[in-house]
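Structure data follow from structure.txt (compact mmCIF, C-alpha atoms):
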# COMPACT_ATOMS: atom_id res chain seq x y z
CA MET A 1 123.92 49.85 68.91
CA GLU A 2 122.08 50.40 72.18
CA LEU A 3 122.81 53.69 73.89
CA THR A 4 124.41 53.54 77.32
CA ASP A 5 122.95 55.26 80.36
CA ALA A 6 125.69 57.88 80.04
CA ASP A 7 124.67 58.60 76.43
CA LEU A 8 121.05 59.03 77.45
CA VAL A 9 121.99 61.28 80.38
CA ALA A 10 124.06 63.41 77.99
CA ARG A 11 121.07 63.79 75.68
CA VAL A 12 118.89 64.88 78.58
CA LEU A 13 121.54 67.39 79.67
CA VAL A 14 122.29 68.83 76.25
CA ASP A 15 118.90 68.78 74.51
CA ASP A 16 116.54 68.35 77.45
CA ASN A 17 115.51 65.23 75.56
CA GLN A 18 112.54 63.74 77.41
CA HIS A 19 112.46 60.66 75.15
CA ALA A 20 115.97 59.85 76.34
CA PHE A 21 114.84 60.30 79.93
CA GLY A 22 111.86 58.04 79.20
CA GLU A 23 114.26 55.33 78.08
CA LEU A 24 116.19 55.70 81.34
CA VAL A 25 112.93 55.36 83.28
CA ARG A 26 112.00 52.25 81.29
CA ARG A 27 115.40 50.70 82.01
CA HIS A 28 115.43 51.34 85.74
CA GLN A 29 111.76 51.39 86.75
CA SER A 30 111.65 47.72 87.71
CA THR A 31 114.60 47.81 90.12
CA VAL A 32 113.62 51.15 91.65
CA ARG A 33 110.00 50.10 92.11
CA GLY A 34 111.13 46.72 93.43
CA LEU A 35 113.41 48.33 95.99
CA LEU A 36 110.68 50.69 97.15
CA ARG A 37 108.12 47.89 97.34
CA HIS A 38 110.43 46.05 99.71
CA LEU A 39 111.15 49.16 101.73
CA THR A 40 107.45 49.97 102.05
CA ARG A 41 106.67 46.35 102.89
CA THR A 42 104.85 45.66 99.62
CA ASP A 43 102.62 48.72 99.76
CA VAL A 44 102.46 48.81 95.96
CA ALA A 45 100.55 52.09 95.63
CA LEU A 46 102.88 53.95 97.99
CA ALA A 47 105.95 52.37 96.39
CA ASP A 48 104.83 53.47 92.92
CA ASP A 49 104.08 57.01 94.13
CA LEU A 50 107.57 57.17 95.63
CA SER A 51 109.04 55.72 92.44
CA GLN A 52 107.41 58.46 90.40
CA GLU A 53 108.74 61.04 92.84
CA THR A 54 112.19 59.44 92.52
CA PHE A 55 112.28 59.79 88.75
CA LEU A 56 110.88 63.33 88.83
CA ARG A 57 113.61 64.35 91.26
CA ALA A 58 116.18 62.58 89.12
CA TYR A 59 115.02 64.58 86.09
CA LYS A 60 115.08 67.89 87.93
CA ASN A 61 118.50 67.22 89.44
CA ILE A 62 120.14 65.36 86.60
CA ARG A 63 122.85 68.04 86.38
CA SER A 64 124.06 66.92 89.80
CA PHE A 65 124.72 63.39 88.44
CA ARG A 66 128.48 63.46 87.93
CA GLY A 67 128.82 60.03 86.41
CA GLU A 68 131.23 58.92 89.13
CA ALA A 69 128.79 56.25 90.31
CA ARG A 70 126.45 54.09 88.27
CA LEU A 71 123.15 55.74 87.40
CA SER A 72 121.30 52.97 89.23
CA THR A 73 123.24 53.74 92.43
CA TRP A 74 122.33 57.42 92.09
CA LEU A 75 118.67 56.49 91.55
CA TYR A 76 118.67 54.17 94.56
CA ARG A 77 119.97 57.00 96.69
CA ILE A 78 117.17 59.31 95.53
CA ALA A 79 114.63 56.52 96.04
CA TYR A 80 115.88 55.85 99.55
CA ASN A 81 115.73 59.56 100.40
CA CYS A 82 112.17 59.75 99.04
CA PHE A 83 111.20 56.78 101.16
CA ARG A 84 112.88 58.21 104.26
CA GLU A 85 111.23 61.61 103.87
CA ASP A 86 107.85 60.03 103.32
CA ALA A 87 108.29 57.76 106.32
CA ARG A 88 109.25 60.73 108.47
CA ARG A 89 106.14 62.56 107.32
CA ARG A 90 104.09 59.54 108.26
CA LYS A 91 106.06 59.17 111.50
CA GLU A 92 106.51 55.52 110.75
CA PHE A 93 110.23 55.63 110.25
CA VAL A 94 111.67 53.22 112.76
CA GLY A 95 115.19 51.93 112.79
CA ILE A 96 114.79 48.59 114.51
CA ASP A 97 111.56 46.67 114.64
CA GLU A 98 112.71 43.50 116.32
CA GLU A 99 109.41 43.04 118.11
CA GLN A 100 107.56 42.91 114.84
CA LEU A 101 110.18 40.55 113.49
CA GLN A 102 109.66 38.16 116.38
CA ALA A 103 105.89 38.50 116.24
CA GLU A 104 105.75 37.74 112.54
CA GLN A 105 108.16 34.82 112.60
CA ASP A 106 105.35 32.38 113.07
CA PRO A 107 106.10 29.37 110.88
CA GLN A 108 102.37 28.80 110.32
CA VAL A 109 102.10 31.94 108.22
CA SER A 110 104.96 31.03 105.92
CA ASP A 111 103.88 30.62 102.32
CA PRO A 112 104.77 27.74 100.04
CA GLY A 113 107.69 28.22 97.72
CA LEU A 114 111.19 29.32 98.58
CA LYS A 115 110.97 32.57 96.65
CA HIS A 116 107.81 33.60 98.39
CA ASP A 117 109.23 32.66 101.77
CA LEU A 118 112.43 34.50 101.02
CA MET A 119 110.55 37.67 100.14
CA HIS A 120 108.43 37.26 103.24
CA ALA A 121 111.50 36.73 105.40
CA LEU A 122 113.04 39.81 103.83
CA SER A 123 110.03 41.90 104.67
CA LEU A 124 110.42 40.87 108.31
CA LEU A 125 113.92 42.29 108.61
CA PRO A 126 114.35 45.65 110.34
CA LEU A 127 114.54 48.50 107.88
CA HIS A 128 118.29 49.15 108.17
CA GLU A 129 119.14 45.49 107.57
CA ARG A 130 116.50 45.10 104.83
CA SER A 131 117.84 48.12 102.96
CA ALA A 132 121.43 46.89 103.16
CA VAL A 133 120.54 43.33 102.11
CA LEU A 134 118.36 44.57 99.24
CA LEU A 135 121.02 46.89 97.87
CA CYS A 136 124.01 44.58 98.29
CA CYS A 137 122.59 41.10 97.79
CA GLN A 138 119.64 41.69 95.48
CA ASN A 139 120.67 44.74 93.47
CA GLY A 140 124.37 43.92 93.35
CA LEU A 141 125.78 47.11 94.85
CA SER A 142 129.15 47.00 96.57
CA HIS A 143 129.25 47.77 100.29
CA ASP A 144 130.82 51.08 99.45
CA GLU A 145 128.06 52.00 97.01
CA ALA A 146 125.38 50.93 99.47
CA ALA A 147 127.01 53.09 102.16
CA ARG A 148 126.72 56.08 99.84
CA VAL A 149 123.09 55.30 99.00
CA LEU A 150 122.10 54.84 102.63
CA ASP A 151 124.38 57.63 103.86
CA ILE A 152 125.83 55.49 106.63
CA PRO A 153 129.39 54.31 107.40
CA LEU A 154 130.83 51.42 105.41
CA GLY A 155 131.28 49.30 108.54
CA THR A 156 127.62 49.71 109.45
CA VAL A 157 126.58 48.49 106.00
CA LYS A 158 128.76 45.42 106.34
CA THR A 159 127.34 44.68 109.77
CA ASN A 160 123.76 45.17 108.59
CA VAL A 161 124.26 42.90 105.59
CA LEU A 162 125.84 40.22 107.77
CA ARG A 163 123.08 40.36 110.37
CA GLY A 164 120.35 40.48 107.74
CA ARG A 165 121.73 37.47 105.93
CA LYS A 166 122.02 35.54 109.19
CA LYS A 167 118.40 36.29 110.03
CA LEU A 168 117.27 35.29 106.57
CA LYS A 169 119.17 32.02 106.83
CA ARG A 170 117.68 31.39 110.24
CA THR A 171 114.17 32.12 109.02
CA LEU A 172 114.66 29.92 105.97
CA ALA A 173 116.46 27.12 107.83
CA ALA A 174 113.66 24.70 106.97
CA TRP A 175 114.63 24.95 103.30
CA GLY A 176 118.08 23.51 103.94
CA PRO A 177 121.64 24.83 104.28
CA ASP A 178 121.76 26.67 100.86
CA MET B 179 121.46 33.44 99.27
CA ASP B 180 122.41 36.34 96.97
CA ARG B 181 121.48 34.35 93.91
CA GLN B 182 118.18 33.34 95.43
CA LEU B 183 117.46 36.92 96.36
CA ARG B 184 118.18 38.10 92.83
CA GLU B 185 116.07 35.33 91.33
CA ALA B 186 113.24 36.00 93.75
CA ALA B 187 113.03 39.63 92.66
CA PRO B 188 110.47 39.61 89.87
CA TYR B 189 110.73 41.97 86.91
CA ILE B 190 108.02 44.58 87.34
CA ASP B 191 106.22 45.32 84.09
CA ASP B 192 106.10 48.96 83.12
CA ASN B 193 102.30 49.02 82.69
CA GLY B 194 102.22 52.71 81.86
CA PHE B 195 104.56 53.76 84.68
CA THR B 196 107.03 55.46 82.33
CA ALA B 197 104.21 57.31 80.56
CA ARG B 198 102.90 58.59 83.90
CA VAL B 199 106.36 59.83 84.87
CA LEU B 200 106.84 61.56 81.52
CA GLN B 201 103.44 63.26 81.84
CA GLN B 202 104.55 64.84 85.09
CA LEU B 203 107.84 66.18 83.80
CA PRO B 204 108.06 69.95 83.45
CA ALA B 205 107.77 71.31 79.92
CA PRO B 206 111.05 70.96 78.04
CA ARG B 207 113.24 74.02 77.63
CA ARG B 208 112.59 75.81 74.34
CA PRO B 209 115.58 75.32 72.10
CA ARG B 210 117.29 78.62 71.38
CA ARG B 211 119.81 77.15 69.01
CA SER B 212 117.76 78.10 65.92
CA LEU B 213 117.57 81.73 67.06
CA ARG B 214 121.31 81.79 67.73
CA GLY B 215 121.98 80.32 64.29
CA ALA B 216 119.74 82.89 62.59
CA ILE B 217 121.54 85.76 64.35
CA LEU B 218 124.95 84.41 63.35
CA LEU B 219 123.82 83.95 59.74
CA ALA B 220 122.36 87.46 59.56
CA ALA B 221 125.54 88.98 61.04
CA THR B 222 127.68 87.07 58.55
CA LEU B 223 125.57 88.17 55.59
CA LEU B 224 125.62 91.79 56.77
CA ALA B 225 129.38 91.76 57.27
CA SER B 226 129.88 90.17 53.85
CA ALA B 227 127.71 92.81 52.17
CA LEU B 228 129.62 95.61 53.93
CA ALA B 229 132.97 94.10 52.97
CA TYR B 230 131.81 93.73 49.36
CA LEU B 231 130.71 97.37 49.17
CA ALA B 232 133.78 98.69 50.98
CA SER B 233 136.22 96.77 48.75
CA ASP B 234 135.14 98.12 45.41
CA GLY B 235 132.88 95.23 44.51
CA GLY B 236 135.15 92.54 45.87
CA ARG B 237 138.11 93.62 43.85
CA PHE B 238 140.48 92.30 46.53
CA VAL B 239 139.22 88.74 45.93
CA VAL B 240 140.20 88.93 42.25
CA VAL B 241 143.62 90.32 43.20
CA ALA B 242 144.15 87.57 45.78
CA MET B 243 143.19 84.88 43.26
CA GLU B 244 145.63 86.32 40.75
CA ARG B 245 148.40 86.23 43.36
CA LEU B 246 147.53 82.66 44.31
CA SER B 247 147.59 81.50 40.71
CA ALA B 248 151.05 83.01 40.34
CA LEU B 249 152.43 80.95 43.23
CA PRO B 250 154.49 77.80 42.52
CA ALA B 251 152.63 74.46 42.81
CA LEU B 252 154.62 73.43 45.90
CA TRP B 253 153.60 76.60 47.71
CA LEU B 254 149.97 76.03 46.80
CA PHE B 255 150.16 72.47 48.13
CA ALA B 256 151.80 73.65 51.37
CA LEU B 257 149.14 76.32 51.79
CA ALA B 258 146.31 73.83 51.29
CA PHE B 259 147.96 71.29 53.59
CA GLY B 260 148.57 73.90 56.31
CA SER B 261 144.98 75.14 56.10
CA GLY B 262 143.69 71.58 56.40
CA ILE B 263 145.83 70.86 59.47
CA LEU B 264 144.69 74.13 61.07
CA VAL B 265 141.00 73.36 60.54
CA MET B 266 141.43 69.77 61.75
CA THR B 267 143.24 70.92 64.92
CA ALA B 268 140.50 73.42 65.66
CA GLY B 269 137.88 70.68 65.19
CA VAL B 270 139.69 68.27 67.53
CA ILE B 271 140.09 70.96 70.20
CA ALA B 272 136.38 71.82 69.94
CA ALA B 273 135.43 68.12 70.21
CA ILE B 274 137.65 67.58 73.29
CA ALA B 275 136.23 70.71 74.93
CA LYS B 276 132.66 69.54 74.25
CA ALA B 277 133.40 66.04 75.57
CA SER B 278 134.86 67.36 78.82
CA GLU B 279 131.89 69.73 79.16
CA LEU B 280 129.48 66.79 78.81
CA LYS B 281 131.47 64.72 81.31
CA SER B 282 131.36 67.46 83.90
Could you show the structure in this file as structure tokens?
Amino acid sequence: MELTDADLVARVLVDDNQHAFGELVRRHQSTVRGLLRHLTRTDVALADDLSQETFLRAYKNIRSFRGEARLSTWLYRIAYNCFREDARRRKEFVGIDEEQLQAEQDPQVSDPGLKHDLMHALSLLPLHERSAVLLCCQNGLSHDEAARVLDIPLGTVKTNVLRGRKKLKRTLAAWGPD
Amino acid sequence: MDRQLREAAPYIDDNGFTARVLQQLPAPRRPRRSLRGAILLAATLLASALAYLASDGGRFVVVAMERLSALPALWLFALAFGSGILVMTAGVIAAIAKASELKS
């Protein structure tokens, strides 16, 4: 029988079992790295550095994981904090980048294939909308969970998801109503 | 849209990522359980030896066995049953306490 995340966390807590922590990393690395790649606008090297930092922090602070939320939600929160701190250090942390959005919405640069276009359209969203859309629509978090990850009010998350989805639909209008 | 977003998110192969993370973890805490166990065992052996010497070579054990053998069968059964229940209750309490400790 496969061990649950809670079982693995318990092993890390009780025995300081690094193999158990390795299994947790293996299970969640794809989603955490994927989230950070989107947040960093596909800067793979930076995203992977931040992902490593995320898991190291998770290991060091695993006693603060109370099990009230899903482990993935807790990891997303750490990942988002890592990203935010790094962005502040780089002084690139901007809330709304509408100008860039407009500048990059040139249909000539759109790539073939809906998936590719969708990812491209996603990367054009302002950070606060991109984060909310990624967490809620791609990673399946509830609005409430996303609000905790992003440390913003629930209403703001809902608004950001709604606006982000509208922009995505607008950008992908050429692909049809779905 | 949600479905398309989920489908568009590719699975990222590990490619040594987990190994790199594990390499950077701090050294695991040294388990002290074996030391604790050794101390408990040594204390038990010492206490047993002292009790043996202080009780005239364990004479009280022989006396207790003689008394037990003189008890009626029903009493012996009740004693065994009561002891079993006591041990089981202590085990359950310890398990619940450990579970709540792990949860917190």
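The interface of chain A with chain B at 7 Å, considering all atoms listed in the file, consists of Ala10, Asp16, Gly22, Val25, Arg26, Ser30, Gln52, Leu56, Arg66, Lys115, Cys137, Gln138 and Asp178 of chain A.
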Rank B:Leu223, B:Ala273, B:Val265, B:Gln201 by their smallest atom-to-atom distance to Phe21 in chain A, using all atoms listed in the file, and report the top residue only.
B:Gln201
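Rounded to one decimal, CA of Asn160 in chain A and CA of Leu125 in chain A lie 10.3 Å from each other.
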One decimal, Å: what's the distance from CA of Leu75 in chain A over to CA of His116 in chain A, could you say?
26.2 Å
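Of the residues listed (A:Asp7, A:Glu85, A:His38, A:Leu71), A:His38 shows the shortest atom-to-atom separation from Glu129 in chain A; distances use all atoms listed in the file.
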Return as JSON the box centre and box size in Å, one decimal, for an axis-aligned box around all listed atoms of range 7-16 of chain A padded by 3 Å per side.
{"center_x": 120.6, "center_y": 63.7, "center_z": 77.4, "size_x": 14.1, "size_y": 16.2, "size_z": 11.9}
Contacts of Ala69 in chain A at 12 Å or less, counting only C-alpha atoms, minus same-chain residues fewer than 6 places along, as a list of chain:residue names?
A:Asp5, A:Ala6, A:Leu75, A:Tyr76, A:Arg77, A:Leu141, A:Ser142, A:Asp144, A:Glu145, A:Ala146, A:Arg148, A:Val149
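For the pair CA of Ser226 in chain B and CA of Val240 in chain B, the separation is 15.6 Å.
Distance check against His19 in chain A using all atoms listed in the file: of A:Val32, A:Thr159, A:Leu154, A:Tyr59, the minimum falls on A:Tyr59.
Among the candidates A:Val14, A:Leu39, A:Cys136, A:Ile62, the residue lying nearest to Asn81 in chain A is A:Leu39 (atoms considered: all atoms listed in the file).
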Nearby residues (all atoms listed in the file) at most 12 Å from His128 in chain A, same-chain spacing under 3 positions excluded, as a PyMOL selection string:
chain A and resi 38-39+80+84+93-98+122-125+131-135+146-147+150-152+156-164
